[in-house]
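> Below is the file query_19.txt, which contains compact mmCIF, C-alpha atoms (C1' of nucleotides) and all ligand atoms.
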```txt
# COMPACT_ATOMS: atom_id res chain seq x y z
CA MET A 112 21.59 -1.08 14.93
CA ALA A 113 20.98 0.06 11.36
CA ASN A 114 20.77 3.64 10.25
CA GLN A 115 17.45 5.41 10.62
CA THR A 116 16.59 5.02 6.97
CA VAL A 117 14.22 2.14 7.08
CA ASP A 118 12.45 3.51 10.10
CA ASN A 119 11.92 6.98 8.73
CA PRO A 120 13.10 7.75 5.21
CA PHE A 121 11.22 11.05 5.33
CA ALA A 122 13.74 12.22 7.90
CA ALA A 123 16.79 10.72 6.26
CA PRO A 124 17.17 12.19 2.80
CA GLY A 125 20.93 11.83 2.84
CA HIS A 126 21.25 8.42 4.42
CA ASP A 127 23.42 5.54 3.25
CA HIS A 128 20.90 3.85 1.05
CA ARG A 129 23.23 0.97 0.17
CA SER A 130 22.64 -0.40 3.62
CA CYS A 131 18.88 -0.31 3.00
CA ILE A 132 19.38 -2.41 -0.10
CA VAL A 133 21.72 -4.85 1.56
CA ALA A 134 19.40 -5.22 4.54
CA ALA A 135 16.40 -5.81 2.31
CA LEU A 136 18.15 -8.42 0.18
CA ASP A 137 19.59 -10.20 3.19
CA ALA A 138 16.23 -10.29 4.90
CA ALA A 139 14.64 -11.58 1.69
CA GLU A 140 17.18 -14.36 1.35
CA ALA A 141 16.60 -15.35 4.94
CA ALA A 142 12.82 -15.23 4.69
CA CYS A 143 12.72 -17.31 1.53
CA ALA A 144 15.17 -19.85 2.91
CA ARG A 145 13.09 -20.16 6.06
CA ARG A 146 9.93 -20.78 4.02
CA GLY A 147 11.45 -23.03 1.40
CA GLU A 148 10.77 -20.48 -1.33
CA ARG A 149 13.22 -19.69 -4.08
CA LEU A 150 14.60 -16.19 -4.43
CA THR A 151 15.91 -16.76 -7.94
CA PRO A 152 18.38 -14.37 -9.60
CA LEU A 153 15.56 -12.69 -11.51
CA ARG A 154 13.39 -12.23 -8.43
CA ARG A 155 16.34 -11.03 -6.42
CA ARG A 156 17.27 -8.54 -9.10
CA VAL A 157 13.72 -7.20 -9.33
CA LEU A 158 13.66 -6.77 -5.58
CA GLU A 159 16.97 -4.95 -5.78
CA LEU A 160 15.58 -2.65 -8.46
CA VAL A 161 12.48 -1.97 -6.39
CA TRP A 162 14.83 -0.96 -3.62
CA ARG A 163 16.64 1.59 -5.76
CA GLY A 164 14.96 4.10 -3.50
CA HIS A 165 12.08 4.79 -1.19
CA ARG A 166 9.81 5.87 -3.97
CA PRO A 167 7.22 3.53 -5.44
CA VAL A 168 8.27 2.14 -8.82
CA GLY A 169 5.97 1.27 -11.71
CA ALA A 170 6.06 -2.21 -13.20
CA TYR A 171 7.01 -0.77 -16.57
CA ASP A 172 9.83 1.23 -15.02
CA LEU A 173 11.20 -2.04 -13.71
CA LEU A 174 10.64 -3.58 -17.11
CA ALA A 175 12.71 -0.86 -18.74
CA LEU A 176 15.50 -1.31 -16.21
CA LEU A 177 15.54 -5.04 -16.83
CA GLN A 178 15.55 -4.49 -20.57
CA ASP A 179 18.57 -2.23 -20.22
CA GLU A 180 20.52 -5.06 -18.72
CA ARG A 181 19.02 -8.15 -20.39
CA GLY A 182 17.71 -7.07 -23.77
CA ARG A 183 14.24 -8.30 -24.60
CA VAL A 184 12.11 -8.72 -21.48
CA ALA A 185 8.33 -8.95 -21.58
CA PRO A 186 5.79 -7.64 -19.05
CA PRO A 187 4.90 -11.06 -17.61
CA THR A 188 8.49 -11.49 -16.50
CA VAL A 189 8.25 -8.44 -14.29
CA TYR A 190 4.71 -9.10 -13.10
CA ARG A 191 5.53 -12.66 -12.12
CA ALA A 192 8.51 -11.55 -10.11
CA LEU A 193 6.42 -8.85 -8.45
CA ASP A 194 3.66 -11.34 -7.70
CA PHE A 195 6.16 -13.58 -6.00
CA LEU A 196 7.69 -10.75 -4.01
CA CYS A 197 4.27 -9.45 -2.97
CA THR A 198 3.15 -12.92 -1.93
CA GLN A 199 6.25 -13.20 0.21
CA GLY A 200 5.55 -9.82 1.76
CA LEU A 201 8.84 -8.47 0.45
CA VAL A 202 7.18 -5.90 -1.75
CA HIS A 203 3.88 -4.08 -1.50
CA ARG A 204 1.70 -2.69 -4.20
CA LEU A 205 0.46 0.86 -3.70
CA GLU A 206 -3.03 0.81 -5.17
CA SER A 207 -3.43 4.55 -5.36
CA LEU A 208 -0.25 4.84 -7.44
CA GLN A 209 -0.30 1.55 -9.31
CA ALA A 210 3.26 1.09 -8.22
CA PHE A 211 5.42 -1.09 -6.01
CA ILE A 212 7.70 -0.51 -3.06
CA GLY A 213 9.96 -2.65 -0.93
CA CYS A 214 8.53 -3.72 2.39
CA GLY A 215 9.74 -1.48 5.16
CA HIS A 216 9.24 -4.10 7.85
CA THR A 217 10.99 -7.11 6.43
CA GLY A 218 12.24 -9.39 9.12
CA ASN A 219 10.11 -8.14 11.95
CA HIS A 220 6.54 -9.14 11.28
CA MET A 221 4.46 -10.01 14.25
CA ASP A 222 1.50 -11.10 12.16
CA ASP A 223 3.41 -13.39 9.87
CA GLN A 224 1.98 -16.90 9.80
CA GLY A 225 4.35 -18.84 7.62
CA ASP A 226 3.96 -16.73 4.54
CA GLY A 227 5.21 -13.21 4.72
CA ARG A 228 2.07 -11.35 3.74
CA HIS A 229 0.96 -8.67 6.09
CA ALA A 230 -1.20 -5.60 6.12
CA ALA A 231 0.82 -2.61 5.02
CA HIS A 232 -0.16 0.99 5.68
CA PHE A 233 1.54 3.93 4.03
CA LEU A 234 2.24 7.62 4.20
CA ILE A 235 3.00 8.93 0.73
CA CYS A 236 4.50 12.37 0.17
CA GLN A 237 3.04 14.03 -2.89
CA ASP A 238 5.99 16.41 -3.10
CA CYS A 239 9.10 14.24 -2.78
CA GLY A 240 7.38 11.00 -3.76
CA VAL A 241 8.69 8.96 -0.85
CA ALA A 242 6.39 6.36 0.66
CA VAL A 243 6.86 5.07 4.19
CA GLU A 244 5.29 1.95 5.60
CA ILE A 245 3.85 2.75 8.99
CA ARG A 246 2.55 0.70 11.87
CA ASP A 247 0.22 2.22 14.39
CA GLY A 248 -1.53 0.47 17.21
CA GLN A 249 -4.42 2.92 17.41
CA LEU A 250 -5.01 2.58 13.72
CA ASP A 251 -4.97 -1.20 13.95
CA GLY A 252 -7.30 -1.03 16.92
CA ALA A 253 -9.73 1.26 15.16
CA ILE A 254 -9.80 -1.02 12.15
CA SER A 255 -10.41 -4.21 14.05
CA GLY A 256 -12.95 -2.41 16.20
CA LEU A 257 -15.06 -1.16 13.33
CA ALA A 258 -14.80 -4.44 11.50
CA GLY A 259 -15.89 -6.34 14.57
CA ARG A 260 -18.90 -4.08 15.11
CA ALA A 261 -19.90 -4.53 11.45
CA GLY A 262 -19.43 -8.29 11.60
CA PHE A 263 -16.96 -7.89 8.78
CA ALA A 264 -13.98 -10.23 8.42
CA ILE A 265 -11.09 -8.28 6.96
CA ALA A 266 -8.85 -10.16 4.56
CA ASP A 267 -6.93 -7.31 3.03
CA GLU A 268 -6.25 -3.70 3.97
CA THR A 269 -5.46 -0.87 1.61
CA ILE A 270 -4.48 2.15 3.65
CA GLU A 271 -2.59 4.86 1.82
CA LEU A 272 -2.44 8.37 3.20
CA SER A 273 -1.13 10.94 0.75
CA GLY A 274 -0.02 14.44 1.54
CA LEU A 275 3.12 16.29 2.53
CA CYS A 276 5.87 14.90 4.72
CA ALA A 277 7.33 17.10 7.42
CA ALA A 278 10.43 18.00 5.40
CA CYS A 279 8.42 19.02 2.35
CA ARG A 280 5.99 21.08 4.42
CA ASN A 281 8.92 23.08 5.73
CA GLN A 282 10.23 23.82 2.26
CA SER A 283 7.09 25.60 1.12
CA VAL A 284 8.37 25.60 -2.46
CA SER A 285 7.10 22.74 -4.52
CA ARG A 286 10.17 20.84 -5.63
CA PRO A 287 11.59 17.44 -4.76
CA VAL A 288 13.57 17.61 -1.59
CA CYS A 289 13.80 14.08 -0.26
CA THR A 290 16.39 13.31 -2.88
CA THR A 291 16.79 9.74 -1.75
CA SER A 292 15.08 8.45 -4.81
CA MET B 363 -36.57 8.71 7.09
CA ALA B 364 -35.23 6.62 4.24
CA ASN B 365 -34.89 2.87 4.24
CA GLN B 366 -31.78 1.36 5.72
CA THR B 367 -30.19 0.77 2.34
CA VAL B 368 -27.83 3.66 2.15
CA ASP B 369 -26.76 3.23 5.73
CA ASN B 370 -26.05 -0.48 5.51
CA PRO B 371 -26.47 -2.20 2.15
CA PHE B 372 -24.74 -5.29 3.55
CA ALA B 373 -27.76 -5.85 5.75
CA ALA B 374 -30.38 -4.96 3.16
CA PRO B 375 -30.01 -7.32 0.22
CA GLY B 376 -33.69 -7.12 -0.67
CA HIS B 377 -34.26 -3.42 -0.12
CA ASP B 378 -36.07 -1.02 -2.43
CA HIS B 379 -33.10 0.16 -4.41
CA ARG B 380 -35.11 2.62 -6.48
CA SER B 381 -35.24 4.85 -3.44
CA CYS B 382 -31.45 4.74 -3.21
CA ILE B 383 -31.23 5.95 -6.78
CA VAL B 384 -33.81 8.67 -6.32
CA ALA B 385 -32.17 9.86 -3.13
CA ALA B 386 -28.74 9.97 -4.76
CA LEU B 387 -29.96 11.87 -7.81
CA ASP B 388 -31.97 14.32 -5.73
CA ALA B 389 -29.02 14.94 -3.45
CA ALA B 390 -26.77 15.42 -6.46
CA GLU B 391 -29.12 17.93 -8.04
CA ALA B 392 -29.29 19.83 -4.79
CA ALA B 393 -25.56 19.79 -4.20
CA CYS B 394 -24.76 21.00 -7.71
CA ALA B 395 -27.40 23.69 -7.57
CA ARG B 396 -26.03 24.88 -4.24
CA ARG B 397 -22.50 25.06 -5.67
CA GLY B 398 -23.41 26.52 -9.05
CA GLU B 399 -22.18 23.38 -10.84
CA ARG B 400 -24.00 21.82 -13.76
CA LEU B 401 -25.35 18.31 -13.44
CA THR B 402 -25.88 17.90 -17.18
CA PRO B 403 -28.00 15.06 -18.61
CA LEU B 404 -24.87 13.05 -19.38
CA ARG B 405 -23.42 13.48 -15.92
CA ARG B 406 -26.74 12.75 -14.34
CA ARG B 407 -27.14 9.62 -16.41
CA VAL B 408 -23.65 8.39 -15.53
CA LEU B 409 -24.41 8.96 -11.86
CA GLU B 410 -27.64 7.02 -12.28
CA LEU B 411 -25.75 4.16 -13.92
CA VAL B 412 -23.17 4.14 -11.13
CA TRP B 413 -26.09 3.81 -8.76
CA ARG B 414 -27.46 0.72 -10.48
CA GLY B 415 -26.34 -1.06 -7.35
CA HIS B 416 -24.02 -1.03 -4.39
CA ARG B 417 -21.22 -2.71 -6.26
CA PRO B 418 -18.33 -0.73 -7.69
CA VAL B 419 -18.60 -0.29 -11.45
CA GLY B 420 -15.74 -0.13 -13.92
CA ALA B 421 -15.43 2.83 -16.26
CA TYR B 422 -15.69 0.51 -19.23
CA ASP B 423 -18.83 -1.10 -17.82
CA LEU B 424 -20.35 2.35 -17.77
CA LEU B 425 -19.05 2.97 -21.25
CA ALA B 426 -20.80 -0.17 -22.51
CA LEU B 427 -24.06 0.84 -20.82
CA LEU B 428 -23.89 4.28 -22.39
CA GLN B 429 -23.13 2.76 -25.78
CA ASP B 430 -26.20 0.56 -25.49
CA GLU B 431 -28.38 3.62 -25.21
CA ARG B 432 -26.49 6.20 -27.30
CA GLY B 433 -24.53 4.34 -29.92
CA ARG B 434 -20.94 5.43 -30.31
CA VAL B 435 -19.50 6.74 -27.05
CA ALA B 436 -15.77 7.06 -26.40
CA PRO B 437 -13.84 6.57 -23.14
CA PRO B 438 -13.23 10.30 -22.51
CA THR B 439 -16.97 10.84 -22.31
CA VAL B 440 -17.23 8.48 -19.38
CA TYR B 441 -14.02 9.56 -17.68
CA ARG B 442 -14.97 13.21 -17.87
CA ALA B 443 -18.32 12.56 -16.31
CA LEU B 444 -16.67 10.46 -13.60
CA ASP B 445 -14.08 13.17 -12.98
CA PHE B 446 -16.83 15.68 -12.47
CA LEU B 447 -18.80 13.40 -10.17
CA CYS B 448 -15.70 12.54 -8.14
CA THR B 449 -14.75 16.19 -7.84
CA GLN B 450 -18.22 16.92 -6.53
CA GLY B 451 -17.93 14.07 -4.07
CA LEU B 452 -20.92 12.33 -5.61
CA VAL B 453 -18.87 9.33 -6.68
CA HIS B 454 -15.74 7.75 -5.25
CA ARG B 455 -13.06 5.78 -6.97
CA LEU B 456 -12.03 2.52 -5.33
CA GLU B 457 -8.32 2.30 -6.01
CA SER B 458 -7.96 -1.36 -5.13
CA LEU B 459 -10.63 -2.27 -7.69
CA GLN B 460 -10.10 0.44 -10.27
CA ALA B 461 -13.80 1.04 -10.12
CA PHE B 462 -16.35 3.64 -9.05
CA ILE B 463 -19.21 3.77 -6.62
CA GLY B 464 -21.83 6.30 -5.64
CA CYS B 465 -21.11 8.25 -2.48
CA GLY B 466 -22.95 6.77 0.46
CA HIS B 467 -22.96 10.02 2.41
CA THR B 468 -24.28 12.50 -0.08
CA GLY B 469 -26.03 15.37 1.59
CA ASN B 470 -24.56 14.98 5.04
CA HIS B 471 -20.91 15.91 4.89
CA MET B 472 -19.52 17.61 7.89
CA ASP B 473 -16.14 18.20 6.27
CA ASP B 474 -17.47 19.74 3.11
CA GLN B 475 -15.99 23.17 2.42
CA GLY B 476 -17.81 24.36 -0.66
CA ASP B 477 -16.82 21.53 -2.90
CA GLY B 478 -18.16 18.11 -2.07
CA ARG B 479 -14.92 16.18 -1.85
CA HIS B 480 -14.39 14.25 1.31
CA ALA B 481 -12.35 11.34 2.59
CA ALA B 482 -14.18 8.11 1.91
CA HIS B 483 -13.45 4.84 3.67
CA PHE B 484 -14.83 1.51 2.51
CA LEU B 485 -15.64 -2.03 3.49
CA ILE B 486 -15.67 -4.23 0.38
CA CYS B 487 -17.10 -7.73 0.43
CA GLN B 488 -15.04 -10.10 -1.71
CA ASP B 489 -17.94 -12.53 -1.93
CA CYS B 490 -21.00 -10.45 -2.86
CA GLY B 491 -19.01 -7.52 -4.24
CA VAL B 492 -20.88 -4.85 -2.30
CA ALA B 493 -18.88 -1.87 -1.06
CA VAL B 494 -20.07 0.27 1.83
CA GLU B 495 -18.78 3.69 2.70
CA ILE B 496 -18.12 3.86 6.41
CA ARG B 497 -17.42 6.62 8.85
CA ASP B 498 -15.73 5.88 12.12
CA GLY B 499 -14.58 8.36 14.70
CA GLN B 500 -11.88 6.15 16.14
CA LEU B 501 -10.48 5.52 12.70
CA ASP B 502 -10.48 9.23 11.92
CA GLY B 503 -8.87 9.90 15.27
CA ALA B 504 -6.15 7.31 14.75
CA ILE B 505 -5.37 8.73 11.33
CA SER B 506 -5.10 12.32 12.43
CA GLY B 507 -3.13 11.22 15.48
CA LEU B 508 -0.50 9.32 13.58
CA ALA B 509 -0.25 12.01 10.94
CA GLY B 510 0.21 14.65 13.60
CA ARG B 511 2.95 12.69 15.33
CA ALA B 512 4.74 12.21 11.99
CA GLY B 513 4.37 15.87 11.06
CA PHE B 514 2.57 14.68 7.97
CA ALA B 515 -0.19 16.78 6.36
CA ILE B 516 -2.75 14.44 4.86
CA ALA B 517 -4.37 15.58 1.63
CA ASP B 518 -6.00 12.37 0.51
CA GLU B 519 -6.98 9.11 2.18
CA THR B 520 -7.32 5.75 0.49
CA ILE B 521 -8.82 3.33 2.98
CA GLU B 522 -10.34 0.17 1.54
CA LEU B 523 -10.88 -2.87 3.74
CA SER B 524 -11.69 -6.03 1.81
CA GLY B 525 -13.03 -9.25 3.23
CA LEU B 526 -16.36 -10.87 3.96
CA CYS B 527 -19.49 -9.06 5.06
CA ALA B 528 -21.56 -10.54 7.87
CA ALA B 529 -24.14 -12.03 5.52
CA CYS B 530 -21.57 -13.73 3.35
CA ARG B 531 -19.68 -15.10 6.34
CA ASN B 532 -22.88 -16.80 7.44
CA GLN B 533 -23.42 -18.42 4.07
CA SER B 534 -20.13 -20.31 4.09
CA VAL B 535 -20.64 -21.25 0.43
CA SER B 536 -18.86 -18.98 -1.96
CA ARG B 537 -21.54 -17.55 -4.17
CA PRO B 538 -23.02 -14.09 -4.57
CA VAL B 539 -25.66 -13.54 -1.96
CA CYS B 540 -26.14 -9.80 -1.65
CA THR B 541 -28.04 -9.82 -4.90
CA THR B 542 -28.68 -6.13 -4.80
CA SER B 543 -26.19 -5.52 -7.52
C1' DA C 733 24.19 -40.26 -16.10
C1' DA C 734 19.38 -40.67 -17.62
C1' DT C 735 14.67 -39.84 -16.60
C1' DG C 736 10.62 -37.70 -14.98
C1' DT C 737 8.26 -33.86 -12.72
C1' DA C 738 7.35 -29.42 -11.23
C1' DA C 739 8.73 -24.71 -11.12
C1' DA C 740 10.33 -20.87 -13.49
C1' DT C 741 11.07 -18.17 -17.48
C1' DG C 742 10.48 -16.77 -22.41
C1' DA C 743 7.54 -15.11 -26.01
C1' DT C 744 3.42 -13.47 -28.32
C1' DA C 745 -0.72 -11.48 -28.19
C1' DT C 746 -4.30 -9.03 -26.21
C1' DA C 747 -7.19 -7.20 -22.51
C1' DA C 748 -8.33 -3.49 -19.41
C1' DC C 749 -7.85 1.08 -17.82
C1' DA C 750 -6.88 5.97 -18.77
C1' DT C 751 -5.52 10.44 -21.07
C1' DA C 752 -3.80 13.91 -24.74
C1' DA C 753 -5.18 16.87 -28.24
C1' DC C 754 -8.19 19.14 -31.03
C1' DA C 755 -12.91 20.00 -33.23
C1' DA C 756 -17.71 20.95 -32.71
C1' DA C 757 -21.66 22.13 -30.17
C1' DA C 758 -24.18 23.93 -26.32
C1' DT C 759 -24.65 27.23 -22.73
C1' DG C 760 -25.05 31.50 -20.50
C1' DA C 761 -23.61 36.37 -20.00
C1' DA C 762 -23.00 40.93 -22.08
C1' DT D 913 -26.56 38.75 -31.41
C1' DT D 914 -22.00 38.29 -30.09
C1' DC D 915 -18.69 36.51 -27.34
C1' DA D 916 -16.42 33.67 -24.08
C1' DT D 917 -16.68 29.53 -21.54
C1' DT D 918 -17.99 25.01 -20.70
C1' DT D 919 -19.28 20.70 -22.28
C1' DT D 920 -19.29 17.04 -25.46
C1' DG D 921 -17.56 14.51 -29.65
C1' DT D 922 -13.75 12.31 -32.02
C1' DT D 923 -9.42 10.21 -32.93
C1' DA D 924 -5.42 8.53 -31.44
C1' DT D 925 -2.39 6.89 -28.11
C1' DG D 926 -0.46 5.88 -23.59
C1' DT D 927 -0.29 2.93 -19.48
C1' DT D 928 -1.05 -1.09 -16.73
C1' DA D 929 -1.94 -6.01 -16.53
C1' DT D 930 -3.05 -10.82 -17.98
C1' DA D 931 -3.99 -15.12 -20.89
C1' DT D 932 -1.79 -18.65 -23.25
C1' DC D 933 1.43 -21.73 -24.72
C1' DA D 934 6.38 -22.95 -25.57
C1' DT D 935 10.87 -23.64 -23.54
C1' DT D 936 14.15 -24.02 -20.09
C1' DT D 937 15.81 -24.92 -15.55
C1' DA D 938 16.10 -27.15 -11.08
C1' DC D 939 16.01 -31.09 -8.65
C1' DA D 940 14.60 -35.56 -6.99
C1' DT D 941 14.44 -40.49 -8.44
C1' DT D 942 16.02 -44.32 -10.96
ZN ZN E 1 17.26 3.96 1.96
ZN ZN E 2 5.54 -4.50 4.72
ZN ZN E 3 -29.74 0.38 -2.72
ZN ZN E 4 -18.67 9.69 0.11
```
Please express what this file holds, its structure, as structure tokens.
Ligand SMILES: [Zn+2]
Ligand SMILES: [Zn+2]
Ligand SMILES: [Zn+2]
Ligand SMILES: [Zn+2]


Amino acid sequence: MANQTVDNPFAAPGHDHRSCIVAALDAAEAACARRGERLTPLRRRVLELVWRGHRPVGAYDLLALLQDERGRVAPPTVYRALDFLCTQGLVHRLESLQAFIGCGHTGNHMDDQGDGRHAAHFLICQDCGVAVEIRDGQLDGAISGLAGRAGFAIADETIELSGLCAACRNQSVSRPVCTTS
Amino acid sequence: MANQTVDNPFAAPGHDHRSCIVAALDAAEAACARRGERLTPLRRRVLELVWRGHRPVGAYDLLALLQDERGRVAPPTVYRALDFLCTQGLVHRLESLQAFIGCGHTGNHMDDQGDGRHAAHFLICQDCGVAVEIRDGQLDGAISGLAGRAGFAIADETIELSGLCAACRNQSVSRPVCTTS
DNA sequence: AATGTAAATGATATAACATAACAAAATGAA
DNA sequence: TTCATTTTGTTATGTTATATCATTTACATT
């Protein structure tokens, strides 16, 4: 069993993040192979960069990182890689931050029909910046319940809850504390 | 009692929208007066323009409308008015669309402590473009439940459910049908 | 190996959304 | 009126994202 990082990064500020990266890349390779999709070196590298930490990363941050290692790189290069990764469910876009984060549930989707897209719900700490993908049965039930009563067919869910994680609440001072990126 | 528009615009494509606008502006005047805030002519006009319909409006759409009636208007003019209106809870920003919509619950907040800000949850029809602000006890309960269990203190909720409204599902063809803007 | 085809990437330009910084005007209180 | 504060105007720039077309790469077929 892996470390607790992926399950609860809020509670694991000092965890071995290399294993998060390895797990994410391995799962991505496997998922793409299974679906006949191509995780090219560029896409793989972008995914790796997204996984530098558990904080959402802006597209232009990724662009700068790529430029550091490859010289001239243009925005479409990054956006295309991100589009691919999002389509495969390997990365999610956080609408409220206009930023991207690695999927915290790679490899164990229950709602995955061939492609890897899935609804992703987040807790986002405004103090340390960490975002955690959550899964909650009551939340899912409430959503499908209200949609059903409204006759509304949900295609896409944006659920992002911002506030303070437990660790940051207990610090009282307002400085980054979940140092794991 | 008002028409059903504000409560369920999905179901009222041919409603008397003027009453929606009047109700929203009246409620805004009242709310600002109560709080000692100033609903200036510009802010009032921007709110009125946001209320042209039940579809989210982009800041630059509003800018163009203002320019039509006032000549040269710059982006900060619109964004400042929108900031004010959002702070007062009279308008909400839809993160997944980068657009704004009039608050569907003006005047009856139960969670309003002085200022008018409140969590706003939406159903957004991808066919007709209408967005409806919803309120659901089970959803609220699920959210506070999961936050409590995680020790997470929620400060802001972004909940936007996109898909097809009942009317558009029953049309099968993919063309705008909820013509009420 | 050569060819053809589709997918992926490179490159340029521009669109769309948003804010910083400072000046001028309007408002309301003293 | 005078003063302080808020609001609006103005200019410039920052940030995020896409359209378009050229080039390269991967890979199956001949
Ligand atoms: Zn980690
Ligand atoms: Zn995920
Ligand atoms: Zn209406
Ligand atoms: Zn509202």

> Quick one: residues within 8 Å of A:Leu272, only C-alpha atoms (C1' of nucleotides), excluding same-chain residues fewer than 5 positions away - as a count of residues only?

8

> Between B:Pro371, B:Pro438, B:Gly466, B:Gly507, which residue has the minimum interatomic distance to ligand ZN 4 (chain E), considering all atoms listed in the file?

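With all atoms listed in the file as the atom set, the closest residue is B:Gly466.
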
> Residues of chain B no more than 9 Å from chain D, counting only C-alpha atoms (C1' of nucleotides): send them over as a ChimeraX atom specification.

/B:402,435-436,439

> For the residues in the current selection, export C-alpha atoms as a compact mmCIF listing (two decimals), keeping the file's coordinate frame.


```txt
# COMPACT_ATOMS: atom_id res chain seq x y z
CA THR B 402 -25.88 17.90 -17.18
CA VAL B 435 -19.50 6.74 -27.05
CA ALA B 436 -15.77 7.06 -26.40
CA THR B 439 -16.97 10.84 -22.31
```

> What are the closest atom pairs, with distances in Å to one decimal, for each residue of chain C lying within 9 Å of chain A, using all atoms listed in the file, rows by chain and rising residue number, as JSON lines?


```
{"residue": "C:DA740", "atom": "C1'", "partner": "A:Thr151", "partner_atom": "CA", "distance": 8.9}
{"residue": "C:DT741", "atom": "C1'", "partner": "A:Thr188", "partner_atom": "CA", "distance": 7.2}
{"residue": "C:DG742", "atom": "C1'", "partner": "A:Ala185", "partner_atom": "CA", "distance": 8.2}
{"residue": "C:DA743", "atom": "C1'", "partner": "A:Ala185", "partner_atom": "CA", "distance": 7.6}
```

> Using 9 Å as the limit and counting all atoms listed in the file, can you tabulate each residue of chain B that touches ligand ZN 4 (chain E), with its shortest atom-to-atom distance in Å and the two atoms involved, as CSV?


```
residue,atom,partner,partner_atom,distance
B:Gly451,CA,E:ZN4,ZN,6.1
B:Leu452,CA,E:ZN4,ZN,6.7
B:Val453,CA,E:ZN4,ZN,6.8
B:His454,CA,E:ZN4,ZN,6.4
B:Ile463,CA,E:ZN4,ZN,9.0
B:Gly464,CA,E:ZN4,ZN,7.4
B:Cys465,CA,E:ZN4,ZN,3.8
B:Gly466,CA,E:ZN4,ZN,5.2
B:His467,CA,E:ZN4,ZN,4.9
B:Thr468,CA,E:ZN4,ZN,6.3
B:His471,CA,E:ZN4,ZN,8.2
B:Gly478,CA,E:ZN4,ZN,8.7
B:Arg479,CA,E:ZN4,ZN,7.7
B:His480,CA,E:ZN4,ZN,6.4
B:Ala481,CA,E:ZN4,ZN,7.0
B:Ala482,CA,E:ZN4,ZN,5.1
B:His483,CA,E:ZN4,ZN,8.0
B:Glu495,CA,E:ZN4,ZN,6.5
B:Ile496,CA,E:ZN4,ZN,8.6
```

> Using only C-alpha atoms (C1' of nucleotides), what residues lie at most 10 Å away from (-5.1, 10.5, 10.4) (file coordinates), given as a PDB file with C-alpha atoms, in the frame of the given file?


```pdb
ATOM      1  CA  LEU A 250      -5.010   2.580  13.720  1.00  0.00           C
ATOM      2  CA  LEU A 272      -2.440   8.370   3.200  1.00  0.00           C
TER       3      LEU A 272
ATOM      4  CA  GLN B 500     -11.880   6.150  16.140  1.00  0.00           C
ATOM      5  CA  LEU B 501     -10.480   5.520  12.700  1.00  0.00           C
ATOM      6  CA  ASP B 502     -10.480   9.230  11.920  1.00  0.00           C
ATOM      7  CA  GLY B 503      -8.870   9.900  15.270  1.00  0.00           C
ATOM      8  CA  ALA B 504      -6.150   7.310  14.750  1.00  0.00           C
ATOM      9  CA  ILE B 505      -5.370   8.730  11.330  1.00  0.00           C
ATOM     10  CA  SER B 506      -5.100  12.320  12.430  1.00  0.00           C
ATOM     11  CA  GLY B 507      -3.130  11.220  15.480  1.00  0.00           C
ATOM     12  CA  LEU B 508      -0.500   9.320  13.580  1.00  0.00           C
ATOM     13  CA  ALA B 509      -0.250  12.010  10.940  1.00  0.00           C
ATOM     14  CA  GLY B 510       0.210  14.650  13.600  1.00  0.00           C
ATOM     15  CA  ARG B 511       2.950  12.690  15.330  1.00  0.00           C
ATOM     16  CA  PHE B 514       2.570  14.680   7.970  1.00  0.00           C
ATOM     17  CA  ALA B 515      -0.190  16.780   6.360  1.00  0.00           C
ATOM     18  CA  ILE B 516      -2.750  14.440   4.860  1.00  0.00           C
ATOM     19  CA  GLU B 519      -6.980   9.110   2.180  1.00  0.00           C
TER      20      GLU B 519
END
```

> Quick one: distance from atom CA of B:Val408 to atom CA of B:Ser381 in Å, one decimal?

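Between atom CA of B:Val408 and atom CA of B:Ser381 the gap works out to 17.1 Å.
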